[in-house]
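Since the structure comes first, as structure tokens, the remarks are kept for the end.
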Amino acid sequence: MDVGGWGFQDIVPMFHARFRSWLMRVRLGVALVTCWAAGCDRGSAPEVGAAGANGSIRVVSLAPALTQMIVDLGKQDVLVGTAREDLAAPKGLPVVGDYLNIDTEALAVLQPTHVVMMVGKDGVPPHLVRLADLYGFALVAYPSPLSIEAVCGILSDKGAPGEGNGEGTPSLGRVLGVPGEARTLREGIERRLAALSEAVAGAPKRSVLMVIGTHPIVASGPGTVHDQLLNLMGGRNAASEAAVGAPSYDQERLIRLDPEVILLLSPGAPPLEAVGVDPRLSDLRGLPIRAVVQERIVLIDDPLVLLPSSSLVRVGVAMANAIHPELADRIDRAAALP
Amino acid sequence: MRRTIVILALLLLVLLSAAVLRLMVGQGWGWPQGDKAAAVIRVRLTRVQLAVLVGASLASSGVALQALLRNHLASPFVLGLSSGAALGVMGQQLIGVYLSRPVGEGYIGALMGALGSMAIVYGASRRQKTIDPLGLLLIGVVMDTINGALIMLVNYGWGSTGLKEDIARWMMGYLNESILGAALGAVAVATCVGIAVLLVLGRAMDVATFSEAEAQSLGVNLPRLRALLFVTAGALAAGAVVLAGPVAFVGLICPHVARLLLGPSHRVLVLGSAMAGAALMLLADSASTGLDWGQGQLPVGIFTAIIGGPVFVWMLRPQLGRSLE
């Protein structure tokens, strides 16, 4: 192939030379940073639950679900920073990025005593562990909850306060120094979810697709908190056979699933229009599926709808009303429990 | 001539077979059955149309670019046209958000983005009225990277879900089956017109492969030809991006396959490439639909790269090392 006198053998050495030069600069930079870090004694991370010098704690939350729990526990005054796009956070708090892309400088300025976060299978990112050592804050990392029990376990200890939540990490209530309040909140959530489940118990289980993304259609799959919540609220997850937590669906797959109800879980979204008009529903346009034909597509626009947090009861009420509108009175009575 | 007709007929046969294969592949193998069979067939037919249009557009755009730049490694993806068009789509969407009203399917933005990127690459690689082939490729790669970065920047700056929710999937290329019929029709017309223009320009493109002096002595108006090829290649790439996002390799390998089979004459090359491109997209879409690991649909661009990449390396092997001899 003629490429005008140039061949791959000309390109490769040039790239190699530039790459080596670039690599050398990066190594030099890393070496300088390492030397600087080694030379600085910023102290080591305190024990989890330890307070700052004046006895107060300063918490940075890297998970909106945890922020919501902190707010629901009435401890928003300890929050000094949050993650990007944290809809649960009180307005005006400084943002420090998120747990994968942390803004080191912003975090250092806040001088937190605790950084609370939720982590996936890979655990706590090593750079955060290094930052905790460097700046002397405690890292409190909870595995991303996959069940309602796990959500409640983050909030409060399973047994008596102080017994731990079985994950090796102290509950949020204990970290914040309010184990009693956390236990009350947890029991309230469990009691109201049980009452909601009881309210819809006799109704037929309807096939429901919980849509969390629209281009293409992405649903909440099995093994998630929302999957469990949907089952409690008298629904059956249409995406239950998926192999992943957030499967995507083309139109043919949607026709096969044929859900009776579609719940669009979209925090703070504007109201839905008709399927033929609303661009968010364009993938559903003209499909012969029950939810579309019977116009049973419901938007749940609660800002916290996607969070595995203490807001689950609110989301559960919205789900139950969307799936079983004929049981609205019973659902509202159950939701009104203290 | 007879050989050419036979090969074109074979390519058409491959294309039709790929279309039939795609119609048979879905959630399970075979022709749809049951009360919803008609709806399923309609969905599959839409995807066949999308795949054919995207494949034909990208492949014929590749032929036009390779003739325009006299460089067989030119393609809409490599030169940043596809990512430029994608940036244009994002830009148009952003304008829609600011105006708080729908601004269409993105074809205008895609066209502007593709032509803008192409103009920068073309202009930056020109020195003393000649195009440096290596410089062109490198600037194209850089342009592609810049466009990709700008797309991510625009998306990143737009809330937690971004301007486009699943940007990574879109950037890998996936067929937008929810596109409105009118938009699909518009892209179909643009693709047909683009291919027709290339067929008309076929002879001139043949002559343009000679030196500039030779081409002009044979009566080819090179500036006009370049302008036409420039706009046509951009429009074809833009149409493909509107339908499927940026899809790799189709615009690069299909012209090569067609050239190997049909020779350098551009008229048959455009036809052969368009058919090969459509067939490749249909095969890739069959794979992305048929391989169901429970995760839902896969981006079609994964399979154009998996199918196209090894084919390209296999084609390239005999050429490698020639300049060392």
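Each chain of the structure tokens is named A, B, ... in the order shown, its residues numbered from 1; ligands are numbered from 1 in display order.
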So that I can see what lies close to segment 300-302 of chain B, please list as a JSON list (two decimals) with C-alpha atoms, in the first residue's frame the residues with an atom at most 12 Å from it, counting only C-alpha atoms and leaving out residues fewer than 5 positions away in the same chain.
```
[["chain", "number", "residue", "atom", "x", "y", "z"],
["B", 47, "ARG", "CA", -32.40, -2.27, 11.92],
["B", 50, "LEU", "CA", -30.18, 1.41, 9.53],
["B", 51, "ALA", "CA", -27.29, -1.03, 9.09],
["B", 54, "VAL", "CA", -24.72, 3.33, 7.90],
["B", 55, "GLY", "CA", -22.48, 0.75, 6.22],
["B", 77, "PHE", "CA", -13.07, 7.54, 11.53],
["B", 168, "ALA", "CA", -19.56, 5.48, 26.16],
["B", 169, "ARG", "CA", -22.06, 3.23, 24.41],
["B", 170, "TRP", "CA", -22.92, 5.87, 21.82],
["B", 171, "MET", "CA", -19.24, 6.52, 21.09],
["B", 172, "MET", "CA", -18.82, 2.80, 20.37],
["B", 173, "GLY", "CA", -21.63, 3.04, 17.84],
["B", 174, "TYR", "CA", -25.08, 1.65, 18.31],
["B", 175, "LEU", "CA", -27.97, 1.69, 15.86],
["B", 176, "ASN", "CA", -30.54, 4.30, 16.85],
["B", 241, "VAL", "CA", -23.24, 9.30, 12.76],
["B", 243, "LEU", "CA", -28.02, 6.90, 12.70],
["B", 244, "ALA", "CA", -25.38, 5.06, 14.71],
["B", 245, "GLY", "CA", -22.81, 7.34, 16.37],
["B", 246, "PRO", "CA", -19.17, 7.02, 15.33],
["B", 247, "VAL", "CA", -18.52, 3.51, 13.97],
["B", 248, "ALA", "CA", -14.94, 2.39, 13.37],
["B", 249, "PHE", "CA", -13.30, 0.47, 10.53],
["B", 250, "VAL", "CA", -16.18, 0.30, 8.03],
["B", 280, "LEU", "CA", -20.28, -5.69, 7.32],
["B", 281, "MET", "CA", -22.71, -3.58, 9.34],
["B", 282, "LEU", "CA", -25.44, -6.21, 8.99],
["B", 283, "LEU", "CA", -23.06, -8.94, 10.17],
["B", 284, "ALA", "CA", -21.88, -6.79, 13.07],
["B", 285, "ASP", "CA", -25.45, -6.00, 14.06],
["B", 286, "SER", "CA", -26.39, -9.69, 13.85],
["B", 287, "ALA", "CA", -23.52, -10.46, 16.22],
["B", 288, "SER", "CA", -24.42, -7.63, 18.63],
["B", 289, "THR", "CA", -28.03, -8.81, 18.73],
["B", 290, "GLY", "CA", -27.46, -12.55, 18.68],
["B", 291, "LEU", "CA", -24.81, -12.67, 21.37],
["B", 307, "ILE", "CA", -14.53, -8.27, 12.39],
["B", 308, "GLY", "CA", -12.88, -5.42, 10.53],
["B", 309, "GLY", "CA", -9.59, -5.13, 12.43]]
```
* Neighbour list for Gly234 of chain B as a list in words, cut-off 7 Å, only C-alpha atoms, skip fewer than 6 positions in-chain -> Leu81, Leu111, Ala114 and Leu115 of chain B
Expected file: the selected residues, N, CA and C atoms, as a compact mmCIF listing (two decimals), in the first residue's frame:
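Saved result, out.txt, follows:
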```txt
# COMPACT_ATOMS: atom_id res chain seq x y z
N LEU B 81 -13.60 12.68 11.06
CA LEU B 81 -14.90 13.13 10.54
C LEU B 81 -16.03 12.60 11.40
N LEU B 111 -23.35 17.34 10.14
CA LEU B 111 -22.72 17.78 8.88
C LEU B 111 -21.71 18.89 9.14
N ALA B 114 -18.65 17.38 10.91
CA ALA B 114 -17.82 16.57 10.01
C ALA B 114 -17.02 17.46 9.07
N LEU B 115 -17.71 18.43 8.48
CA LEU B 115 -17.01 19.32 7.53
C LEU B 115 -15.99 20.20 8.24
```
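Residues in contact with segment 325-333 of chain A at up to 10 Å, not including ones fewer than 2 positions away on its chain and judged by only C-alpha atoms, are Arg192, Ala195, Leu196, Ser197, Glu198, Ala199, Val200, Ala203, Met233, Gly316, Val317, Ala318, Met319, Ala320, Asn321, Ala322, Ile323, Ala335, Ala336 and Leu337 of chain A.
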Can you list, as a CSV table (one decimal) with N, CA, C and O atoms, in the first residue's frame, all residues belonging to segment 18-119 of chain B that DSSP tags as alpha helix (DSSP H)?
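Wrote it out as selection_39.csv, contents follow:
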```csv
chain,number,residue,atom,x,y,z
B,18,ALA,N,-26.6,-11.4,4.2
B,18,ALA,CA,-26.4,-10.8,5.5
B,18,ALA,C,-27.7,-10.2,6.0
B,18,ALA,O,-28.0,-10.2,7.2
B,19,ALA,N,-28.5,-9.6,5.1
B,19,ALA,CA,-29.8,-9.0,5.5
B,19,ALA,C,-30.8,-10.1,5.9
B,19,ALA,O,-31.4,-9.9,7.0
B,20,VAL,N,-30.8,-11.2,5.2
B,20,VAL,CA,-31.6,-12.3,5.7
B,20,VAL,C,-31.2,-12.9,7.0
B,20,VAL,O,-32.0,-13.1,7.9
B,21,LEU,N,-29.9,-13.0,7.2
B,21,LEU,CA,-29.3,-13.4,8.5
B,21,LEU,C,-29.8,-12.5,9.6
B,21,LEU,O,-30.3,-13.0,10.7
B,22,ARG,N,-29.7,-11.2,9.3
B,22,ARG,CA,-30.1,-10.2,10.4
B,22,ARG,C,-31.6,-10.3,10.7
B,22,ARG,O,-32.0,-10.2,11.8
B,23,LEU,N,-32.4,-10.6,9.7
B,23,LEU,CA,-33.8,-10.8,9.9
B,23,LEU,C,-34.1,-12.0,10.7
B,23,LEU,O,-35.2,-12.1,11.4
B,24,MET,N,-33.2,-13.0,10.7
B,24,MET,CA,-33.4,-14.3,11.4
B,24,MET,C,-32.9,-14.2,12.9
B,24,MET,O,-33.2,-15.1,13.7
B,37,ALA,N,-45.3,-11.2,16.1
B,37,ALA,CA,-44.3,-11.5,15.1
B,37,ALA,C,-44.1,-10.2,14.2
B,37,ALA,O,-43.0,-9.8,13.8
B,38,ALA,N,-45.3,-9.7,13.8
B,38,ALA,CA,-45.3,-8.5,12.9
B,38,ALA,C,-44.5,-7.4,13.4
B,38,ALA,O,-43.7,-6.8,12.7
B,39,ALA,N,-44.7,-7.1,14.7
B,39,ALA,CA,-43.9,-6.0,15.3
B,39,ALA,C,-42.4,-6.3,15.4
B,39,ALA,O,-41.6,-5.4,15.2
B,40,VAL,N,-42.1,-7.5,15.7
B,40,VAL,CA,-40.7,-7.9,15.8
B,40,VAL,C,-40.0,-7.8,14.4
B,40,VAL,O,-38.9,-7.3,14.3
B,41,ILE,N,-40.8,-8.2,13.4
B,41,ILE,CA,-40.2,-8.1,12.0
B,41,ILE,C,-40.0,-6.7,11.6
B,41,ILE,O,-39.0,-6.3,11.0
B,42,ARG,N,-41.0,-5.8,12.0
B,42,ARG,CA,-40.9,-4.4,11.7
B,42,ARG,C,-39.6,-3.8,12.4
B,42,ARG,O,-38.9,-3.1,11.8
B,43,VAL,N,-39.4,-4.2,13.6
B,43,VAL,CA,-38.2,-3.7,14.3
B,43,VAL,C,-36.9,-4.2,13.6
B,43,VAL,O,-36.0,-3.4,13.4
B,44,ARG,N,-36.9,-5.5,13.2
B,44,ARG,CA,-35.7,-6.0,12.6
B,44,ARG,C,-35.5,-5.4,11.2
B,44,ARG,O,-34.4,-5.1,10.8
B,45,LEU,N,-36.6,-5.1,10.5
B,45,LEU,CA,-36.5,-4.4,9.2
B,45,LEU,C,-35.9,-3.0,9.4
B,45,LEU,O,-35.1,-2.6,8.6
B,46,THR,N,-36.3,-2.3,10.4
B,46,THR,CA,-35.8,-1.0,10.7
B,46,THR,C,-34.3,-1.1,10.9
B,46,THR,O,-33.5,-0.3,10.4
B,47,ARG,N,-33.8,-2.1,11.6
B,47,ARG,CA,-32.4,-2.3,11.9
B,47,ARG,C,-31.6,-2.6,10.6
B,47,ARG,O,-30.5,-2.2,10.5
B,48,VAL,N,-32.3,-3.4,9.8
B,48,VAL,CA,-31.6,-3.7,8.5
B,48,VAL,C,-31.4,-2.4,7.7
B,48,VAL,O,-30.3,-2.2,7.2
B,49,GLN,N,-32.5,-1.6,7.7
B,49,GLN,CA,-32.3,-0.3,6.9
B,49,GLN,C,-31.2,0.5,7.5
B,49,GLN,O,-30.4,1.1,6.8
B,50,LEU,N,-31.2,0.6,8.9
B,50,LEU,CA,-30.2,1.4,9.5
B,50,LEU,C,-28.8,0.9,9.2
B,50,LEU,O,-27.9,1.7,8.9
B,51,ALA,N,-28.6,-0.4,9.3
B,51,ALA,CA,-27.3,-1.0,9.1
B,51,ALA,C,-26.8,-0.8,7.7
B,51,ALA,O,-25.7,-0.4,7.4
B,52,VAL,N,-27.8,-1.0,6.7
B,52,VAL,CA,-27.4,-0.8,5.3
B,52,VAL,C,-27.0,0.6,5.0
B,52,VAL,O,-26.0,0.9,4.4
B,53,LEU,N,-27.8,1.6,5.6
B,53,LEU,CA,-27.5,3.0,5.3
B,53,LEU,C,-26.2,3.4,6.0
B,53,LEU,O,-25.4,4.1,5.3
B,54,VAL,N,-26.0,3.0,7.2
B,54,VAL,CA,-24.7,3.3,7.9
B,54,VAL,C,-23.5,2.7,7.2
B,54,VAL,O,-22.5,3.4,6.9
B,55,GLY,N,-23.6,1.4,6.9
B,55,GLY,CA,-22.5,0.8,6.2
B,55,GLY,C,-22.2,1.4,4.9
B,55,GLY,O,-21.0,1.7,4.5
B,56,ALA,N,-23.2,1.6,4.1
B,56,ALA,CA,-23.0,2.1,2.7
B,56,ALA,C,-22.4,3.5,2.8
B,56,ALA,O,-21.5,3.9,2.0
B,57,SER,N,-23.0,4.3,3.7
B,57,SER,CA,-22.5,5.7,3.9
B,57,SER,C,-21.0,5.8,4.2
B,57,SER,O,-20.2,6.5,3.6
B,58,LEU,N,-20.7,5.0,5.3
B,58,LEU,CA,-19.3,5.1,5.8
B,58,LEU,C,-18.3,4.5,4.7
B,58,LEU,O,-17.2,5.1,4.5
B,59,ALA,N,-18.7,3.4,4.1
B,59,ALA,CA,-17.8,2.8,3.1
B,59,ALA,C,-17.6,3.8,1.9
B,59,ALA,O,-16.4,4.0,1.4
B,60,SER,N,-18.7,4.3,1.4
B,60,SER,CA,-18.5,5.2,0.2
B,60,SER,C,-17.8,6.5,0.6
B,60,SER,O,-17.1,7.1,-0.2
B,61,SER,N,-18.1,7.0,1.9
B,61,SER,CA,-17.3,8.1,2.3
B,61,SER,C,-15.8,7.8,2.4
B,61,SER,O,-15.0,8.7,2.0
B,62,GLY,N,-15.5,6.6,2.8
B,62,GLY,CA,-14.1,6.2,2.8
B,62,GLY,C,-13.5,6.2,1.4
B,62,GLY,O,-12.3,6.7,1.2
B,63,VAL,N,-14.2,5.8,0.4
B,63,VAL,CA,-13.7,5.8,-1.0
B,63,VAL,C,-13.4,7.3,-1.4
B,63,VAL,O,-12.4,7.6,-2.0
B,64,ALA,N,-14.4,8.1,-1.1
B,64,ALA,CA,-14.2,9.5,-1.5
B,64,ALA,C,-13.0,10.2,-0.8
B,64,ALA,O,-12.3,10.9,-1.5
B,65,LEU,N,-12.9,9.9,0.5
B,65,LEU,CA,-11.7,10.5,1.2
B,65,LEU,C,-10.4,9.9,0.7
B,65,LEU,O,-9.4,10.7,0.5
B,66,GLN,N,-10.4,8.6,0.4
B,66,GLN,CA,-9.1,8.1,-0.1
B,66,GLN,C,-8.7,8.6,-1.5
B,66,GLN,O,-7.6,8.8,-1.8
B,67,ALA,N,-9.8,9.0,-2.3
B,67,ALA,CA,-9.5,9.6,-3.6
B,67,ALA,C,-9.1,11.0,-3.4
B,67,ALA,O,-8.2,11.5,-4.0
B,68,LEU,N,-9.8,11.7,-2.5
B,68,LEU,CA,-9.6,13.1,-2.3
B,68,LEU,C,-8.1,13.4,-1.8
B,68,LEU,O,-7.4,14.3,-2.2
B,69,LEU,N,-7.7,12.5,-0.9
B,69,LEU,CA,-6.4,12.7,-0.2
B,69,LEU,C,-5.3,11.8,-0.8
B,69,LEU,O,-4.2,11.9,-0.3
B,81,LEU,N,-13.6,12.7,11.1
B,81,LEU,CA,-14.9,13.1,10.5
B,81,LEU,C,-16.0,12.6,11.4
B,81,LEU,O,-17.0,13.3,11.7
B,82,SER,N,-15.9,11.3,11.7
B,82,SER,CA,-17.0,10.7,12.5
B,82,SER,C,-17.1,11.4,13.9
B,82,SER,O,-18.2,11.7,14.4
B,83,SER,N,-15.9,11.6,14.5
B,83,SER,CA,-16.0,12.2,15.9
B,83,SER,C,-16.4,13.7,15.7
B,83,SER,O,-17.1,14.2,16.6
B,84,GLY,N,-16.0,14.3,14.6
B,84,GLY,CA,-16.4,15.7,14.4
B,84,GLY,C,-18.0,15.7,14.3
B,84,GLY,O,-18.6,16.6,14.8
B,85,ALA,N,-18.5,14.8,13.5
B,85,ALA,CA,-20.0,14.7,13.3
B,85,ALA,C,-20.6,14.5,14.7
B,85,ALA,O,-21.7,15.1,15.0
B,86,ALA,N,-20.0,13.6,15.5
B,86,ALA,CA,-20.6,13.3,16.8
B,86,ALA,C,-20.5,14.6,17.7
B,86,ALA,O,-21.5,14.9,18.4
B,87,LEU,N,-19.4,15.3,17.6
B,87,LEU,CA,-19.4,16.6,18.3
B,87,LEU,C,-20.4,17.6,17.9
B,87,LEU,O,-21.1,18.2,18.7
B,88,GLY,N,-20.7,17.6,16.6
B,88,GLY,CA,-21.7,18.4,16.0
B,88,GLY,C,-23.1,18.0,16.5
B,88,GLY,O,-23.9,18.9,16.9
B,89,VAL,N,-23.3,16.7,16.7
B,89,VAL,CA,-24.6,16.2,17.2
B,89,VAL,C,-24.8,16.7,18.7
B,89,VAL,O,-25.8,17.2,19.1
B,90,MET,N,-23.7,16.6,19.4
B,90,MET,CA,-23.7,17.1,20.8
B,90,MET,C,-24.0,18.6,20.9
B,90,MET,O,-24.7,19.1,21.7
B,91,GLY,N,-23.3,19.3,20.0
B,91,GLY,CA,-23.5,20.8,19.9
B,91,GLY,C,-24.9,21.1,19.6
B,91,GLY,O,-25.5,22.0,20.3
B,92,GLN,N,-25.5,20.4,18.7
B,92,GLN,CA,-26.9,20.7,18.3
B,92,GLN,C,-27.8,20.4,19.5
B,92,GLN,O,-28.8,21.2,19.8
B,93,GLN,N,-27.5,19.4,20.2
B,93,GLN,CA,-28.3,19.0,21.4
B,93,GLN,C,-28.2,20.1,22.5
B,93,GLN,O,-29.2,20.4,23.1
B,94,LEU,N,-27.0,20.6,22.6
B,94,LEU,CA,-26.7,21.6,23.6
B,94,LEU,C,-27.5,22.9,23.3
B,94,LEU,O,-28.1,23.5,24.2
B,95,ILE,N,-27.5,23.2,22.0
B,95,ILE,CA,-28.3,24.4,21.6
B,95,ILE,C,-29.8,24.2,21.9
B,95,ILE,O,-30.5,25.0,22.4
B,96,GLY,N,-30.2,22.9,21.7
B,96,GLY,CA,-31.6,22.6,22.0
B,96,GLY,C,-31.9,22.8,23.4
B,96,GLY,O,-33.0,23.3,23.8
B,97,VAL,N,-31.0,22.4,24.3
B,97,VAL,CA,-31.2,22.5,25.7
B,97,VAL,C,-31.3,24.0,26.1
B,97,VAL,O,-32.1,24.4,26.9
B,98,TYR,N,-30.4,24.8,25.5
B,98,TYR,CA,-30.4,26.2,25.9
B,98,TYR,C,-31.6,26.9,25.4
B,98,TYR,O,-32.2,27.8,26.0
B,99,LEU,N,-32.1,26.5,24.2
B,99,LEU,CA,-33.3,27.1,23.6
B,99,LEU,C,-34.6,26.5,24.2
B,99,LEU,O,-35.7,27.0,24.0
B,107,TYR,N,-28.8,16.1,12.2
B,107,TYR,CA,-28.1,16.0,10.9
B,107,TYR,C,-27.3,17.3,10.6
B,107,TYR,O,-26.2,17.1,10.1
B,108,ILE,N,-27.9,18.4,10.8
B,108,ILE,CA,-27.2,19.7,10.5
B,108,ILE,C,-25.9,19.8,11.4
B,108,ILE,O,-24.8,20.1,10.8
B,109,GLY,N,-26.1,19.5,12.7
B,109,GLY,CA,-24.9,19.6,13.5
B,109,GLY,C,-23.9,18.6,13.1
B,109,GLY,O,-22.7,18.9,13.1
B,110,ALA,N,-24.3,17.4,12.8
B,110,ALA,CA,-23.4,16.3,12.3
B,110,ALA,C,-22.6,16.8,11.1
B,110,ALA,O,-21.4,16.6,11.0
B,111,LEU,N,-23.3,17.3,10.1
B,111,LEU,CA,-22.7,17.8,8.9
B,111,LEU,C,-21.7,18.9,9.1
B,111,LEU,O,-20.6,18.8,8.6
B,112,MET,N,-22.1,19.9,10.0
B,112,MET,CA,-21.2,21.0,10.3
B,112,MET,C,-20.0,20.4,11.0
B,112,MET,O,-18.8,20.8,10.7
B,113,GLY,N,-20.2,19.5,11.9
B,113,GLY,CA,-19.0,19.0,12.7
B,113,GLY,C,-18.1,18.2,11.8
B,113,GLY,O,-16.9,18.3,11.9
B,114,ALA,N,-18.7,17.4,10.9
B,114,ALA,CA,-17.8,16.6,10.0
B,114,ALA,C,-17.0,17.5,9.1
B,114,ALA,O,-15.8,17.3,8.9
B,115,LEU,N,-17.7,18.4,8.5
B,115,LEU,CA,-17.0,19.3,7.5
B,115,LEU,C,-16.0,20.2,8.2
B,115,LEU,O,-14.9,20.4,7.7
B,116,GLY,N,-16.3,20.7,9.4
B,116,GLY,CA,-15.4,21.5,10.2
B,116,GLY,C,-14.1,20.7,10.5
B,116,GLY,O,-13.0,21.2,10.3
B,117,SER,N,-14.3,19.5,11.0
B,117,SER,CA,-13.1,18.6,11.3
B,117,SER,C,-12.3,18.4,10.1
B,117,SER,O,-11.1,18.5,10.1
B,118,MET,N,-13.0,18.1,9.0
B,118,MET,CA,-12.3,17.7,7.8
B,118,MET,C,-11.5,19.0,7.3
B,118,MET,O,-10.4,18.8,6.8
B,119,ALA,N,-12.1,20.1,7.4
B,119,ALA,CA,-11.5,21.4,6.9
B,119,ALA,C,-10.2,21.6,7.7
B,119,ALA,O,-9.2,22.0,7.2
```
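Atom pair atom CA of Leu138 of chain B / atom CA of Gly194 of chain B: separated by 26.8 Å.
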* Asked: Can you list every residue in segment 76-324 of chain A that DSSP puts in strand (DSSP E or B), as a PyMOL selection string?
  -> chain A and resi 79-82+95+97+102+114-119+138-143+206-214+217-219+235-237+248-249+261-265+297-300
Output the selection as a PDB file, in the first residue's frame - C-alpha atoms for each residue.
```
ATOM      1  CA  LEU A  79     -21.185  17.724  56.773  1.00  0.00           C
ATOM      2  CA  VAL A  80     -18.362  19.868  55.382  1.00  0.00           C
ATOM      3  CA  GLY A  81     -18.169  18.535  51.827  1.00  0.00           C
ATOM      4  CA  THR A  82     -19.944  16.307  49.348  1.00  0.00           C
ATOM      5  CA  VAL A  95     -17.752  19.722  46.309  1.00  0.00           C
ATOM      6  CA  GLY A  97     -15.307  15.354  43.210  1.00  0.00           C
ATOM      7  CA  ILE A 102     -11.263  13.136  44.078  1.00  0.00           C
ATOM      8  CA  HIS A 114     -14.084  11.400  58.391  1.00  0.00           C
ATOM      9  CA  VAL A 115     -14.694  10.629  54.737  1.00  0.00           C
ATOM     10  CA  VAL A 116     -17.686   8.336  54.288  1.00  0.00           C
ATOM     11  CA  MET A 117     -18.281   6.503  51.032  1.00  0.00           C
ATOM     12  CA  MET A 118     -19.811   3.507  49.309  1.00  0.00           C
ATOM     13  CA  VAL A 119     -17.528   1.226  47.338  1.00  0.00           C
ATOM     14  CA  ALA A 138     -10.704   8.255  58.827  1.00  0.00           C
ATOM     15  CA  LEU A 139     -12.079   6.437  55.810  1.00  0.00           C
ATOM     16  CA  VAL A 140     -15.467   4.864  56.438  1.00  0.00           C
ATOM     17  CA  ALA A 141     -16.315   2.694  53.448  1.00  0.00           C
ATOM     18  CA  TYR A 142     -19.509   0.664  53.118  1.00  0.00           C
ATOM     19  CA  PRO A 143     -20.025  -1.876  50.347  1.00  0.00           C
ATOM     20  CA  ARG A 206     -47.568  -7.009  37.983  1.00  0.00           C
ATOM     21  CA  SER A 207     -44.647  -7.178  35.568  1.00  0.00           C
ATOM     22  CA  VAL A 208     -42.746  -3.896  35.906  1.00  0.00           C
ATOM     23  CA  LEU A 209     -39.760  -2.500  34.047  1.00  0.00           C
ATOM     24  CA  MET A 210     -37.831   0.033  36.117  1.00  0.00           C
ATOM     25  CA  VAL A 211     -36.172   2.287  33.553  1.00  0.00           C
ATOM     26  CA  ILE A 212     -33.087   4.159  34.771  1.00  0.00           C
ATOM     27  CA  GLY A 213     -31.765   5.271  31.364  1.00  0.00           C
ATOM     28  CA  THR A 214     -33.598   6.078  28.168  1.00  0.00           C
ATOM     29  CA  ILE A 217     -33.491   1.842  27.555  1.00  0.00           C
ATOM     30  CA  VAL A 218     -31.519   0.717  30.614  1.00  0.00           C
ATOM     31  CA  ALA A 219     -33.387  -1.001  33.439  1.00  0.00           C
ATOM     32  CA  GLY A 235     -44.376  -5.859  41.437  1.00  0.00           C
ATOM     33  CA  ARG A 236     -42.311  -8.409  39.517  1.00  0.00           C
ATOM     34  CA  ASN A 237     -39.147  -7.141  37.862  1.00  0.00           C
ATOM     35  CA  SER A 248     -29.963  -2.345  28.307  1.00  0.00           C
ATOM     36  CA  TYR A 249     -32.782  -3.259  25.952  1.00  0.00           C
ATOM     37  CA  VAL A 261     -46.068  -1.095  33.925  1.00  0.00           C
ATOM     38  CA  ILE A 262     -42.991   0.968  33.129  1.00  0.00           C
ATOM     39  CA  LEU A 263     -41.540   3.085  35.912  1.00  0.00           C
ATOM     40  CA  LEU A 264     -39.190   5.802  34.728  1.00  0.00           C
ATOM     41  CA  LEU A 265     -36.903   6.465  37.694  1.00  0.00           C
ATOM     42  CA  ILE A 297     -45.761   4.577  32.041  1.00  0.00           C
ATOM     43  CA  VAL A 298     -45.179   6.416  35.309  1.00  0.00           C
ATOM     44  CA  LEU A 299     -42.430   8.868  36.138  1.00  0.00           C
ATOM     45  CA  ILE A 300     -40.982   8.796  39.651  1.00  0.00           C
TER      46      ILE A 300
END
```
* One-decimal distance in Å that lies between atom CA of Gly80 of chain B and atom CA of Ser273 of chain B -> 20.0 Å
* If we count only C-alpha atoms, what is near Ser265 of chain B at a cut-off of 9 Å, once residues fewer than 2 positions away on the same chain are taken out, given as a ChimeraX atom specification? -> /B:202-203,205-206,259,262-263,267-270
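Using only C-alpha atoms, the smallest distance between any of A:Asp301, A:Asp157, A:Glu149, A:Asp250 and Glu181 of chain A comes from A:Asp157.
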